[in-house]
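Shown here: structure24.txt, compact mmCIF, C-alpha atoms and all ligand atoms.
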```
# COMPACT_ATOMS: atom_id res chain seq x y z
CA MET L 264 0.00 0.00 0.00
CA ASN L 265 1.28 3.49 -0.93
CA ILE L 266 0.36 6.53 1.14
CA LEU L 267 1.03 10.18 0.44
CA ALA L 268 1.58 11.76 3.88
CA ILE L 269 1.46 15.49 4.59
CA GLU L 270 2.75 17.31 7.70
CA SER L 271 2.42 21.02 8.50
CA SER L 272 1.73 21.23 12.25
CA CYS L 273 4.53 23.64 13.19
CA ASP L 274 7.38 25.10 11.15
CA GLU L 275 8.22 22.24 8.78
CA THR L 276 6.27 21.69 5.58
CA ALA L 277 6.71 18.04 4.69
CA ALA L 278 5.41 15.33 2.39
CA ALA L 279 6.41 11.69 2.01
CA ILE L 280 5.47 8.59 0.10
CA ILE L 281 5.40 5.53 2.36
CA GLU L 282 4.98 2.02 1.01
CA ASP L 283 4.08 -0.32 3.90
CA GLU L 284 7.10 0.04 6.21
CA SER L 285 9.49 1.68 3.80
CA ILE L 286 10.15 5.27 2.83
CA ARG L 287 10.01 6.00 -0.90
CA SER L 288 10.51 9.74 -0.40
CA ASN L 289 10.69 12.13 2.54
CA VAL L 290 10.72 15.82 1.62
CA ILE L 291 11.07 18.44 4.37
CA SER L 292 11.06 22.19 3.86
CA SER L 293 12.10 23.84 7.11
CA GLN L 294 11.19 27.38 8.10
CA ALA L 295 13.75 27.38 10.94
CA GLU L 296 15.84 30.13 9.32
CA ILE L 297 12.80 32.38 8.92
CA HIS L 298 11.82 32.00 12.58
CA ALA L 299 15.39 32.21 13.92
CA GLN L 300 15.34 35.99 13.49
CA TYR L 301 12.37 36.16 15.92
CA GLY L 302 13.88 33.69 18.42
CA GLY L 303 11.01 31.21 18.02
CA VAL L 304 8.12 30.16 15.80
CA VAL L 305 5.74 32.98 14.85
CA PRO L 306 2.39 31.25 14.08
CA GLU L 307 1.17 33.77 11.47
CA VAL L 308 4.45 33.62 9.58
CA ALA L 309 4.48 29.81 9.79
CA ALA L 310 1.01 29.49 8.26
CA ARG L 311 1.85 31.81 5.40
CA SER L 312 5.10 29.99 4.65
CA HIS L 313 3.26 26.65 4.53
CA ILE L 314 0.89 28.01 1.86
CA GLU L 315 3.83 29.01 -0.30
CA VAL L 316 5.60 25.68 -0.33
CA ILE L 317 3.08 22.93 0.39
CA LEU L 318 2.14 22.09 -3.22
CA PRO L 319 5.75 22.07 -4.51
CA VAL L 320 6.75 19.91 -1.52
CA ILE L 321 3.96 17.41 -2.28
CA GLU L 322 4.86 17.35 -5.98
CA GLN L 323 8.50 16.76 -5.11
CA SER L 324 7.66 13.87 -2.79
CA ILE L 325 5.78 12.14 -5.64
CA LYS L 326 8.61 12.84 -8.08
CA GLU L 327 11.37 11.64 -5.74
CA ALA L 328 9.45 8.44 -5.07
CA GLY L 329 9.26 7.85 -8.82
CA THR L 330 5.53 7.31 -8.51
CA ASN L 331 2.30 8.89 -9.75
CA TRP L 332 -1.24 9.50 -8.53
CA ASP L 333 -2.50 6.18 -9.94
CA GLU L 334 -0.24 4.30 -7.52
CA ILE L 335 -1.21 6.33 -4.44
CA ASP L 336 -3.84 4.47 -2.40
CA ALA L 337 -4.63 7.10 0.25
CA ILE L 338 -3.71 10.56 1.53
CA ALA L 339 -2.73 11.00 5.19
CA VAL L 340 -2.37 14.33 6.95
CA THR L 341 -1.54 15.61 10.41
CA LYS L 342 -4.81 16.85 11.93
CA GLY L 343 -3.30 17.86 15.31
CA PRO L 344 -1.98 18.79 17.76
CA GLY L 345 -0.07 21.86 16.61
CA LEU L 346 -0.52 25.46 15.52
CA LEU L 347 -4.05 25.85 14.17
CA GLY L 348 -3.13 28.07 11.21
CA SER L 349 -0.34 25.69 10.21
CA LEU L 350 -2.48 22.56 10.60
CA LEU L 351 -5.23 24.07 8.46
CA ILE L 352 -2.93 24.42 5.45
CA GLY L 353 -2.06 20.71 5.49
CA VAL L 354 -5.63 19.60 6.20
CA MET L 355 -7.14 21.79 3.46
CA SER L 356 -4.52 20.64 0.96
CA ALA L 357 -5.17 16.99 1.80
CA LYS L 358 -8.94 17.40 1.54
CA THR L 359 -8.70 19.20 -1.79
CA LEU L 360 -6.36 16.58 -3.25
CA ALA L 361 -8.58 13.79 -1.90
CA LEU L 362 -11.55 15.29 -3.74
CA ILE L 363 -9.73 16.00 -6.99
CA LYS L 364 -7.86 12.69 -7.12
CA ASN L 365 -10.64 10.64 -5.55
CA LYS L 366 -8.50 9.13 -2.76
CA PRO L 367 -9.45 8.04 0.78
CA LEU L 368 -8.24 10.21 3.65
CA ILE L 369 -6.56 9.43 6.97
CA GLY L 370 -6.26 12.08 9.72
CA VAL L 371 -3.19 11.49 11.90
CA ASN L 372 -2.16 12.55 15.40
CA HIS L 373 1.31 14.12 15.19
CA ILE L 374 2.44 13.10 18.69
CA TRP L 375 1.44 9.48 18.21
CA ALA L 376 3.22 9.51 14.85
CA HIS L 377 6.56 10.50 16.45
CA GLY L 378 6.63 7.06 18.14
CA PHE L 379 5.47 5.21 15.02
CA ALA L 380 8.43 6.57 13.04
CA ALA L 381 10.32 3.62 14.51
CA PHE L 382 8.48 1.20 12.19
CA LEU L 383 10.35 2.77 9.29
CA THR L 384 13.72 1.59 10.65
CA ASP L 385 15.32 -1.86 10.57
CA ASN L 386 14.82 -2.19 14.31
CA LYS L 387 11.02 -2.38 14.45
CA PRO L 388 9.18 -2.15 17.76
CA GLU L 389 6.77 -4.82 18.98
CA PHE L 390 3.44 -4.05 20.62
CA PRO L 391 2.82 -3.10 23.33
CA PHE L 392 5.59 -0.54 23.12
CA LEU L 393 6.52 2.24 25.47
CA ALA L 394 7.15 5.57 23.73
CA LEU L 395 8.95 8.53 25.18
CA THR L 396 7.94 11.42 22.92
CA VAL L 397 10.03 14.49 23.51
CA SER L 398 9.44 17.46 21.25
CA GLY L 399 9.09 21.22 21.33
CA GLY L 400 5.48 20.99 22.47
CA HIS L 401 5.21 17.63 24.25
CA THR L 402 6.90 15.36 26.73
CA THR L 403 4.87 12.19 27.05
CA LEU L 404 5.41 8.61 28.16
CA SER L 405 2.76 6.39 26.56
CA LEU L 406 2.05 2.72 26.08
CA TYR L 407 0.81 1.87 22.57
CA GLN L 408 -1.20 -1.30 21.88
CA GLN L 409 -1.60 -3.28 18.66
CA ASP L 410 -5.23 -2.15 18.29
CA LEU L 411 -3.98 1.45 18.15
CA THR L 412 -5.12 2.49 21.57
CA ARG L 413 -2.78 4.17 24.00
CA LYS L 414 -2.46 4.77 27.69
CA VAL L 415 -0.72 7.98 28.71
CA LEU L 416 1.56 7.11 31.63
CA GLY L 417 3.15 10.47 32.27
CA GLU L 418 3.32 13.97 30.82
CA THR L 419 4.97 17.26 31.53
CA LEU L 420 3.00 19.44 33.90
CA ASP L 421 4.54 22.63 32.53
CA ASP L 422 7.22 23.11 29.84
CA ALA L 423 7.98 20.43 27.26
CA ALA L 424 11.56 19.14 27.21
CA GLY L 425 12.29 20.80 23.85
CA GLU L 426 10.71 24.01 25.06
CA ALA L 427 13.10 23.98 28.05
CA PHE L 428 16.07 23.54 25.68
CA ASP L 429 14.77 26.40 23.53
CA LYS L 430 14.14 28.73 26.49
CA VAL L 431 17.51 28.03 28.13
CA ALA L 432 19.24 28.55 24.76
CA LYS L 433 17.55 31.94 24.59
CA LEU L 434 18.83 32.83 28.08
CA LEU L 435 22.32 31.73 27.05
CA LYS L 436 21.96 33.62 23.74
CA LEU L 437 22.54 30.51 21.70
CA GLY L 438 19.75 31.12 19.19
CA TYR L 439 16.87 29.03 17.83
CA PRO L 440 16.28 26.09 17.70
CA GLY L 441 17.86 25.68 21.11
CA GLY L 442 18.30 21.91 21.34
CA PRO L 443 21.12 21.49 18.84
CA ALA L 444 22.75 24.75 20.04
CA ILE L 445 22.74 23.61 23.68
CA SER L 446 24.26 20.21 22.85
CA LYS L 447 26.96 21.87 20.78
CA ALA L 448 27.85 24.37 23.51
CA ALA L 449 27.72 21.60 26.13
CA MET L 450 30.49 19.63 24.39
CA SER L 451 33.17 21.92 25.81
CA GLY L 452 31.41 22.42 29.17
CA ASP L 453 31.74 20.98 32.66
CA ASP L 454 28.41 19.32 33.46
CA SER L 455 29.07 19.32 37.21
CA LYS L 456 29.81 23.02 37.44
CA TYR L 457 26.22 23.97 38.29
CA LYS L 458 23.84 21.84 40.33
CA PHE L 459 20.56 22.25 38.51
CA PRO L 460 17.64 20.39 40.10
CA ILE L 461 15.40 17.84 38.48
CA ALA L 462 11.82 17.90 39.72
CA ASN L 463 10.81 15.15 42.11
CA MET L 464 7.24 14.33 41.15
CA GLY L 465 6.79 11.56 43.74
CA LYS L 466 7.69 7.88 43.80
CA ASP L 467 4.64 6.72 41.83
CA SER L 468 4.47 9.54 39.33
CA LEU L 469 5.71 9.28 35.75
CA ASP L 470 5.06 12.97 35.10
CA PHE L 471 7.72 15.55 34.26
CA SER L 472 8.32 19.18 35.12
CA PHE L 473 10.93 21.35 33.44
CA SER L 474 10.00 24.87 34.46
CA GLY L 475 11.93 24.67 37.76
CA LEU L 476 15.04 23.63 35.88
CA LYS L 477 14.69 26.58 33.51
CA THR L 478 14.16 28.93 36.48
CA ALA L 479 17.30 27.56 38.16
CA VAL L 480 19.33 28.49 35.06
CA LEU L 481 17.71 31.92 35.07
CA ARG L 482 18.57 32.51 38.75
CA GLN L 483 22.15 31.43 38.13
CA ILE L 484 22.47 33.95 35.30
CA GLN L 485 20.98 36.60 37.54
CA GLN L 486 23.55 35.76 40.22
CA ILE L 487 26.44 36.06 37.75
CA THR L 488 25.29 39.15 35.80
CA GLY L 489 23.05 40.99 38.24
CA VAL L 490 20.41 41.14 35.50
CA ASN L 491 17.08 39.29 35.74
CA PRO L 492 16.77 37.55 32.37
CA GLY L 493 13.17 36.63 33.21
CA ASP L 494 12.38 39.91 31.50
CA VAL L 495 13.27 38.89 27.93
CA SER L 496 13.96 42.46 26.89
CA LEU L 497 16.91 42.37 29.30
CA VAL L 498 18.59 39.33 27.72
CA LYS L 499 20.43 41.67 25.35
CA SER L 500 21.83 43.66 28.27
CA TYR L 501 24.19 41.04 29.69
CA ASP L 502 27.14 39.07 28.43
CA LEU L 503 28.26 35.63 29.53
CA ASN L 504 31.68 34.31 28.65
CA ASP L 505 32.02 31.18 26.52
CA LYS L 506 33.13 29.03 29.45
CA THR L 507 30.10 29.97 31.56
CA VAL L 508 27.74 29.35 28.63
CA ALA L 509 29.33 25.93 27.97
CA ASP L 510 29.20 24.91 31.66
CA MET L 511 25.59 26.02 32.01
CA ALA L 512 24.57 24.27 28.79
CA ALA L 513 26.28 21.05 29.94
CA SER L 514 24.84 21.21 33.46
CA PHE L 515 21.34 21.95 32.14
CA GLN L 516 21.52 19.19 29.53
CA LYS L 517 22.65 16.66 32.15
CA ALA L 518 19.69 17.48 34.40
CA ALA L 519 17.12 17.45 31.57
CA VAL L 520 18.40 14.14 30.22
CA SER L 521 18.46 12.50 33.62
CA ALA L 522 14.80 13.47 34.23
CA LEU L 523 13.83 11.80 30.93
CA VAL L 524 15.86 8.66 31.58
CA LYS L 525 14.65 8.30 35.18
CA ASN L 526 10.96 8.12 34.27
CA THR L 527 11.57 5.84 31.30
CA ILE L 528 13.32 3.34 33.60
CA LYS L 529 10.38 3.53 36.02
CA ALA L 530 7.77 3.08 33.26
CA ASN L 531 9.67 0.14 31.78
CA ALA L 532 9.88 -1.60 35.15
CA ARG L 533 6.21 -1.04 35.86
CA TYR L 534 4.64 -1.90 32.47
CA LYS L 535 7.22 -4.30 31.00
CA PRO L 536 6.60 -3.32 27.36
CA LYS L 537 7.93 -5.47 24.50
CA SER L 538 9.82 -2.46 23.07
CA ILE L 539 10.84 1.06 24.00
CA VAL L 540 10.87 3.86 21.43
CA VAL L 541 12.25 7.36 21.87
CA GLY L 542 11.10 9.94 19.32
CA GLY L 543 10.52 13.65 18.76
CA GLY L 544 13.06 16.40 18.18
CA VAL L 545 14.80 16.04 21.55
CA ALA L 546 15.52 12.38 20.71
CA CYS L 547 18.24 13.77 18.40
CA ASN L 548 20.15 14.60 21.57
CA GLN L 549 23.35 12.56 21.75
CA LEU L 550 23.62 12.59 25.55
CA LEU L 551 20.03 11.32 25.85
CA ARG L 552 20.89 8.48 23.45
CA GLU L 553 24.00 7.53 25.42
CA GLU L 554 22.48 7.77 28.90
CA MET L 555 19.34 5.87 27.87
CA HIS L 556 21.34 3.08 26.23
CA LYS L 557 23.48 2.66 29.36
CA VAL L 558 20.42 1.61 31.36
CA LEU L 559 17.95 0.51 28.66
CA PRO L 560 20.10 -0.85 25.82
CA GLN L 561 16.99 -2.10 24.03
CA ALA L 562 15.62 1.45 23.57
CA ILE L 563 15.02 2.22 19.88
CA PHE L 564 15.97 5.75 18.86
CA VAL L 565 14.66 6.75 15.48
CA PRO L 566 17.32 8.31 13.21
CA PRO L 567 17.57 12.12 13.63
CA VAL L 568 15.90 12.89 10.29
CA LEU L 569 12.82 11.00 11.53
CA CYS L 570 12.98 12.56 15.04
CA THR L 571 12.33 16.16 14.06
CA ASP L 572 9.08 16.89 12.26
CA ASN L 573 8.60 14.97 9.03
CA ALA L 574 5.82 13.40 6.99
CA ALA L 575 7.31 9.90 6.84
CA MET L 576 6.26 9.30 10.46
CA ILE L 577 2.73 10.47 9.59
CA GLY L 578 2.68 7.91 6.78
CA SER L 579 4.00 5.20 9.09
CA LEU L 580 1.11 5.59 11.54
CA ALA L 581 -1.35 6.04 8.63
CA ILE L 582 -0.36 2.64 7.22
CA LYS L 583 -1.27 1.04 10.57
CA MET L 584 -4.53 3.04 10.67
CA ALA L 585 -5.44 1.94 7.14
CA GLN L 586 -4.91 -1.70 8.15
CA GLN L 587 -7.58 -1.13 10.80
CA ASP L 588 -9.87 0.77 8.47
CA LEU L 589 -9.46 4.02 10.40
CA TYR L 590 -10.27 6.27 7.43
CA THR L 591 -11.97 9.62 7.64
CA THR L 592 -13.94 11.70 5.12
CA VAL L 593 -13.57 15.14 3.62
CA ASN L 594 -16.56 16.31 5.66
CA SER L 595 -15.44 14.96 9.01
CA LEU L 596 -11.71 15.74 8.85
CA SER L 597 -10.80 18.93 10.70
CA ALA L 598 -7.70 20.42 12.29
CA ASN L 599 -7.58 20.19 16.08
CA SER L 600 -4.78 22.10 17.78
CA SER L 601 -5.11 20.17 21.05
CA LEU L 602 -5.88 16.70 19.68
CA GLU L 603 -5.20 13.82 22.08
CA ASP L 604 -6.82 10.76 20.50
CA ILE L 605 -5.59 9.03 17.41
O1 LIG L 701 9.60 17.16 17.11
P1 LIG L 701 10.08 18.52 16.79
O2 LIG L 701 10.87 18.71 15.52
O3 LIG L 701 8.91 19.53 16.70
C1 LIG L 701 7.80 19.49 17.56
O4 LIG L 701 6.88 18.69 17.29
O5 LIG L 701 7.87 20.25 18.53
O6 LIG L 701 10.94 19.00 18.04
C2 LIG L 701 11.55 20.24 18.06
C3 LIG L 701 12.28 20.38 19.38
C4 LIG L 701 12.86 21.77 19.59
O7 LIG L 701 12.46 22.22 20.89
C5 LIG L 701 14.36 21.55 19.51
O8 LIG L 701 15.10 22.45 20.31
C6 LIG L 701 14.48 20.12 20.02
O9 LIG L 701 13.38 19.46 19.45
N1 LIG L 701 15.74 19.49 19.60
C7 LIG L 701 16.69 19.08 20.45
C8 LIG L 701 17.78 18.61 19.67
N2 LIG L 701 17.44 18.75 18.36
C9 LIG L 701 16.19 19.29 18.33
N3 LIG L 701 16.73 19.08 21.80
C10 LIG L 701 17.84 18.61 22.38
N4 LIG L 701 18.93 18.17 21.72
C11 LIG L 701 18.93 18.15 20.36
N5 LIG L 701 20.01 17.70 19.71
ZN ZN L 702 6.85 17.02 16.38
```
Take the structure in this file and express it as structure tokens.
Ligand code: KG4
Ligand code: ZN
Amino acid sequence: MNILAIESSCDETAAAIIEDESIRSNVISSQAEIHAQYGGVVPEVAARSHIEVILPVIEQSIKEAGTNWDEIDAIAVTKGPGLLGSLLIGVMSAKTLALIKNKPLIGVNHIWAHGFAAFLTDNKPEFPFLALTVSGGHTTLSLYQQDLTRKVLGETLDDAAGEAFDKVAKLLKLGYPGGPAISKAAMSGDDSKYKFPIANMGKDSLDFSFSGLKTAVLRQIQQITGVNPGDVSLVKSYDLNDKTVADMAASFQKAAVSALVKNTIKANARYKPKSIVVGGGVACNQLLREEMHKVLPQAIFVPPVLCTDNAAMIGSLAIKMAQQDLYTTVNSLSANSSLEDI
């Protein structure tokens, strides 16, 4: 079965052709450079940029796959969660193409799809699998079953892990997106220089909290510079030397990674899943990969290109949905910025 998958939930416009569990094409047009000048994603700008590139991106995905509309069995699209204006562009494009080309439609949950990207690799998960999904908007530990139901085991109560990387990068003036910038700066840093706390959510809890960690970095900067960087307009008014930035980045990264690893160990011990998958943008993080593999060597990390937003992962989940007849219609498909179910 061949699926054309479309993704536009945040600042990547993407389309892919997925045939069963293999990727025939995976085209991603990133807006990161456009948003970097604002220090984060500007929703209005994101939506407008999607409109400009979505049709060429879709056409390119078909061309790169060496296929044509006759061979495409269904169209899948991210219906949520995400930025409403951005989601709408993908959903409207998918609906229009479904009508014109007379193809069935599948509406896909972006967060679920991050975990299902693992089926596109050689190391395929087995159900039930535990997924740690760590992105710019979400930090979730879930258990996915063969019948495509899921149980959420733990979530962040405040900032998402990626959001914490992005906010701390801003405080350290490392630019956007913050995750890669923090890991790069951390390479030359001393991770024991600053003792940043990880939230203790209680023995039984699998939830996360990252806002205290971010505040601890902020207070440390205030102590060093005398400026309160909580007021973003003041970030420009202080300077930190390279050594301090590297040490803070390394100390922050160590704390954030250890919070993620700690709860994954707990969830694995409690639910004994057949597989563990780590996905989402933060799963690109090298320290997270190393620390997780030390304690859970079986954990499957999807390759970086499938960790950050892409349409291949949307196609991967859509294939599983099609096998269970989970199709939608042009009339009932709508964008939902806070979607939780499949
Ligand atoms: O999954 P994703 O591409 O988009 C969302 O669905 O949010 O994740 C983006 C997030 C950003 O917060 C970015 O800073 C983070 O993933 N990220 C990283 C790394 N690469 C990207 N965080 C930590 N280390 C990285 N190497
Ligand atoms: Zn994502």
## Note on the structure
With distances taken over only C-alpha atoms and all ligand atoms, the candidate from L:Tyr534, L:Phe428, L:Trp375, L:Phe392 nearest ligand ZN 702 (chain L) is L:Trp375
### Message
Can you pull out every residue with an atom within 7 Å of ligand LIG 701 (chain L)? Use only C-alpha atoms and all ligand atoms and format it as a ChimeraX atom specification.
### Response
/L:273,397-401,425-426,428-429,440-443,445-446,543-549,570-572
The residues within 9 Å of (-8.5, 11.9, 3.7), using only C-alpha atoms and the coordinates of the file, should be reported as a tab-separated table (two decimals) with C-alpha atoms, keeping the file's coordinate frame; which are they?
```tsv
chain	number	residue	atom	x	y	z
L	337	ALA	CA	-4.63	7.10	0.25
L	338	ILE	CA	-3.71	10.56	1.53
L	339	ALA	CA	-2.73	11.00	5.19
L	340	VAL	CA	-2.37	14.33	6.95
L	354	VAL	CA	-5.63	19.60	6.20
L	357	ALA	CA	-5.17	16.99	1.80
L	358	LYS	CA	-8.94	17.40	1.54
L	360	LEU	CA	-6.36	16.58	-3.25
L	361	ALA	CA	-8.58	13.79	-1.90
L	362	LEU	CA	-11.55	15.29	-3.74
L	366	LYS	CA	-8.50	9.13	-2.76
L	367	PRO	CA	-9.45	8.04	0.78
L	368	LEU	CA	-8.24	10.21	3.65
L	369	ILE	CA	-6.56	9.43	6.97
L	370	GLY	CA	-6.26	12.08	9.72
L	590	TYR	CA	-10.27	6.27	7.43
L	591	THR	CA	-11.97	9.62	7.64
L	592	THR	CA	-13.94	11.70	5.12
L	593	VAL	CA	-13.57	15.14	3.62
L	596	LEU	CA	-11.71	15.74	8.85
```
### Task
Between L:Val308, L:Val290, L:Leu346, L:Ala598, single out the one closest to ligand ZN 702 (chain L), counting only C-alpha atoms and all ligand atoms.
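Ranking L:Val308, L:Val290, L:Leu346, L:Ala598 by distance to ligand ZN 702 (chain L), first place goes to L:Leu346.
Residues of protein, DNA or RNA having at least one counted atom within 12 Å of (7.2, 9.3, -7.3), given only C-alpha atoms, are Asn265, Ile266, Leu267, Ala278, Ala279, Ile280, Ile281, Glu282, Ile286, Arg287, Ser288, Asn289, Val290, Ile321, Glu322, Gln323, Ser324, Ile325, Lys326, Glu327, Ala328, Gly329, Thr330, Asn331, Trp332, Asp333, Glu334 and Ile335 of chain L.
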Show me, as a compact mmCIF listing (two decimals) with C-alpha atoms, keeping the file's coordinate frame, the residues that have an atom within 9 Å of L:Leu580 when counting all atoms listed in the file, minus same-chain residues fewer than 5 positions from it.
```txt
# COMPACT_ATOMS: atom_id res chain seq x y z
CA VAL L 371 -3.19 11.49 11.90
CA ASN L 372 -2.16 12.55 15.40
CA TRP L 375 1.44 9.48 18.21
CA ALA L 376 3.22 9.51 14.85
CA HIS L 377 6.56 10.50 16.45
CA GLY L 378 6.63 7.06 18.14
CA PHE L 379 5.47 5.21 15.02
CA ALA L 380 8.43 6.57 13.04
CA PHE L 382 8.48 1.20 12.19
CA ALA L 575 7.31 9.90 6.84
CA ALA L 585 -5.44 1.94 7.14
```
#### Entry: Residue with smallest distance to ligand ZN 702 (chain L) - pool L:Lys430, L:Asp470, L:Pro460, L:Leu569, counting all atoms listed in the file
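Ranking L:Lys430, L:Asp470, L:Pro460, L:Leu569 by distance to ligand ZN 702 (chain L), first place goes to L:Leu569.
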